[in-house]
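Notes to accompany the following structure.
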Amino acid sequence: MRTVFAVNKPELCHELFEHFAGCNVVHLSSVSELLVYLYAHRLSGEDTFERTLSLVVHQQPQRDSQSSSDPELESITTAELAYLVQKQFPCFSLSVTAPAEVPKALKHLRECASLYASRLARVSTWMYNNYEGCKKPFTGHETHNACQQDETTPNSSSCSANVYTMLSHLTRVRNNSHQSAGLPCTKLISTALNLRDLIILPKDKVSSDHYWKLISTWDFCAMSLSTSELIWCSYLILKKVAHDANFHISDNDLFLFLLSLEASYHQGNKFHSFRHAVDVMQATWQLCCHLKSHFEKNSSILVVCVAAIGHDVGHPGTNNALMCDPISPVAKLYNKASVLENFHTEIFSDLLQEHWPQILQQKTILSDTILATDMALHSQYVQLMDAGPSKLPSLLSLILKAADISNVTRPLHISTNWAVLITCEFSECAALLKSIQNNDIYGHKVTDCDEPIPDCIESILIKYPSIPKGQLLFINAFAESLFAGLAECFQELRFLHNNVQANKKFWEGKCK
Ligand SMILES: [Zn+2]
């Protein structure tokens with residue numbers, strides 16, 4: 001169901017209510033309430049505002065009104081609110097409009113509804129649609145004028161459908177970088193809200209060192225954690241490494257950074273979600289702890305951990321092959337080279353510019369390590385390691401690369417759970433490819449199934465019989481060579497190779 005937020009008691013004439021038929025109308029008395037609602041919703045783990053096209057109807061206050069307790073956030077204009085929402089919830093298709101423009105905005109949203117009718121339609125829209133025309137490249141349907149807008153500046157018309165696409169995201173980021181003084185979103189929000197209050201954790205767990213113990217071992221299982229818990233674990237790791245590196249960030253700013261980052265990942269992705277990002281950061285941090293004697297500066301550990309949690313930001317849940325064939329507008333911009341990795345780097349740098357600019361002092365580490373996660377470069381890394389220590393690729397790139405594919409080095413039950421998620425994502429990609437070939441993306445029905453993963457491995461394998469073969473293929477083609485090379489170079493990392501070997505043996509037994 002589409003949601004309409006009515007913020008600041010907008011005066012809505014009676015005729016409008018018939019436009020809202022079938023919508024969930026939420027009345028909120030301030031911008032702060034809207035943000036709290038959206039963050040809380042996000043933390044609940046349902047990607048509703050990514051699945052539907054929703055609308056905020058904002059009554060712009062008088063600029064001279066000082067009555068609110070946090071006047072700065074509450075006195076922003078409707079156009080500024082549109083900008084702030086896009087900045088903080090970049091993956092949401094949430095439009096912001098003034099009351100007078102509601103009929104036009106609702107009409108636009110209705111016209112764009114088919115772009116979001118199913119998971120495959122959404123993924124295809126994110127990847128392939130040129131925002132300026134919202135073209136449907138595979139159906140020949142007519143262009144949606146609704147999406148023709150200048151969505152990139154806070155002062156542009158506030159009435160238009162905001163349909164998320166990767167290109168619109170990137171365009172926005174590129175335009176922002178040319179603006180010297182945009183709306184200070186981070187400052188406005190962190191002054192008005194205590195973000196820690198939004199992260200709700202079981203009392204008995206947060207008061208003890210429960211989460212600290214979880215993140216301090218290689219048995220870390222991101223899959224068993226809620227979104228709030230994932231943010232909490234990330235907070236603990238980043239707080240520690242930032243402290244060690246002498247990089248100051250306040251708790252409120254760190255929570256806001258993590259909330260904005262989480263909202264920059266698509267929650268509906270089976271594998272490439274914030275959960276994967278937190279898993280990779282925990283692995284990165286653990287690898288750095290094992291290799292501590294090899295680091296001269298603690299700031300390198302901080303930057304590679306930050307790179308890890310942002311390394312897949314904005315990921316569409318597909319792959320570079322699908323980005324390039326058929327060619328997406330974003331693939332064109334990057335000349336088909338490391339398309340997703342370049343996209344993640346650019347989007348993430350913008351986010352850091354807003355939330356933690358000090359990290360960008362080491363932008364080369366950030367971009368080099370994220371680009372190293374492109375699996376097309378895998379054999380180059382393995383060959384460089386084989387060539388001996390003098391040719392060793394940057395240790396930080398190797399660490400993030402290893403962490404990114406470290407699922408197969410985790411204990412078997414954790415490794416198997418990740419295998420389920422990647423299997424589901426692969427099937428979705430196969431379905432997308434098939435519907436592209438059949439010219440039927442928008443008609444193709446794929447249920448947005450999020451069934452729970454069975455508890456025991458045997459039940460998982462009954463449900464997903466292709467897993468043993470898939471795991472063996474991946475281990476033989478990629479993981480074994482990388483982790484063998486790492487074990488050779490660093491005895492501290494031998495446990496990774498041993499774990500891969502043990503898991504490999506188990507999968508071989510299942511393939512007999
Ligand atoms: Zn990744």
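Residue names in the structure tokens use chain letters A, B, ... in the order shown, residue numbers from 1 in each chain, and ligand numbers from 1 in the order shown.
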List every residue of chain A that has an atom at most 7 Å from any atom of ligand 1, and for each one report the closest atom pair and its distance in Å to one decimal, counting only C-alpha atoms and all ligand atoms, with rows sorted by chain and then by increasing residue number, as CSV.
residue,atom,partner,partner_atom_place_in_ligand_line,distance
A:His272,CA,ligand 1,1 (Zn),6.5
A:His276,CA,ligand 1,1 (Zn),6.7
A:Ala277,CA,ligand 1,1 (Zn),6.6
A:His311,CA,ligand 1,1 (Zn),6.3
A:Asp312,CA,ligand 1,1 (Zn),5.4
A:Thr373,CA,ligand 1,1 (Zn),6.8
A:Asp404,CA,ligand 1,1 (Zn),5.0
Worksheet item: What lies within 7 Å of segment 183-195 of chain A using only C-alpha atoms, ignoring chain neighbours under 3 positions off, as a ChimeraX atom specification?
Response: /A:70,72-73,84,198,252-253,255-256,354-355
Discussion item. Taking 6 positions as the minimum chain separation for residues in the same chain, which residues sit within 12 Å of Leu12 of chain A when counting only C-alpha atoms? Answer as JSON, numbers by chain.
Written reply: {"A": [6, 18, 19, 20, 27, 57, 58, 59, 98, 99, 100, 101, 102, 103]}
Worksheet item: Quick one: of A:Ile76, A:Met323, A:Val31, A:Val280, who's nearest to Met127 of chain A, counting only C-alpha atoms?
Response: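 Closest residue, counting only C-alpha atoms: A:Met323.
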Worksheet entry | Which residue of A:Asn335, A:His266, A:Ser435, A:Ala245 approaches Glu296 of chain A most closely, using only C-alpha atoms |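 Smallest distance to Glu296 of chain A is found for A:Ala245.
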Practice prompt. Considering only C-alpha atoms, state which residue in the set A:Cys324, A:Leu486, A:Ile370, A:Cys289 is at the smallest distance from Ala307 of chain A.
Written response: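 The answer is A:Ile370, which sits nearest to Ala307 of chain A.
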Discussion item. Between A:Val382, A:Leu322, A:Ile200, A:Val4, which residue has the minimum interatomic distance to Ala40 of chain A, considering only C-alpha atoms?
Written reply: A:Ile200
Worksheet entry | Spatial neighbours of Leu384 of chain A, 7 Å, only C-alpha atoms, chain gap at least 6 places, as JSON, numbers by chain | {"A": [391, 392, 393]}
Would you give me, as a tab-separated table, each residue of segment 297-401 of chain A having an atom within 12 Å of an atom of segment 110-121 of chain A, along with its shortest atom pair and that distance in Å to one decimal, using only C-alpha atoms and sorting by chain and residue number?
residue	atom	partner	partner_atom	distance
A:Pro316	CA	A:Leu120	CA	10.7
A:Gly317	CA	A:Leu120	CA	10.4
A:Thr318	CA	A:Leu120	CA	10.5
Discussion item. Can you tell me which residues surround Val339 of chain A at a distance of at most 10 Å, considering only C-alpha atoms, apart from same-chain residues fewer than 2 positions away, and format the answer as a list in words?
Written reply: Asn319, Asn320, Ala321, Met323, Cys324, Ser328, Val330, Ala331, Lys332, Leu333, Tyr334, Asn335, Lys336, Ala337, Glu341, Asn342, Phe343, His344, Leu371 and Asp374 of chain A
Worksheet item: Restricting the calculation to only C-alpha atoms, which member of A:Cys429, A:Met281, A:Val85, A:Cys23 is positioned closest to Trp218 of chain A?
Response: A:Met281
Worksheet entry | A:Phe257, A:Tyr83, A:Trp507, A:Phe271 ranked by distance to Ser427 of chain A, top pick (using only C-alpha atoms) | A:Phe271
Practice prompt. Grab the atom CA of Ser93 of chain A to atom CA of Leu55 of chain A distance for me, in Å with one decimal place.
Written response: 8.5 Å
Item to complete: Please provide as an MDAnalysis selection string all residues within 12 Å of Leu259 of chain A, with the sequence filter that same-chain residues fewer than 6 positions apart are discarded (counting only C-alpha atoms).
Response: chainID A and resid 35:36 38:43 87:90 186 189:190 195:196 198:199 227:232 234:235 252:253 265 274 351 355
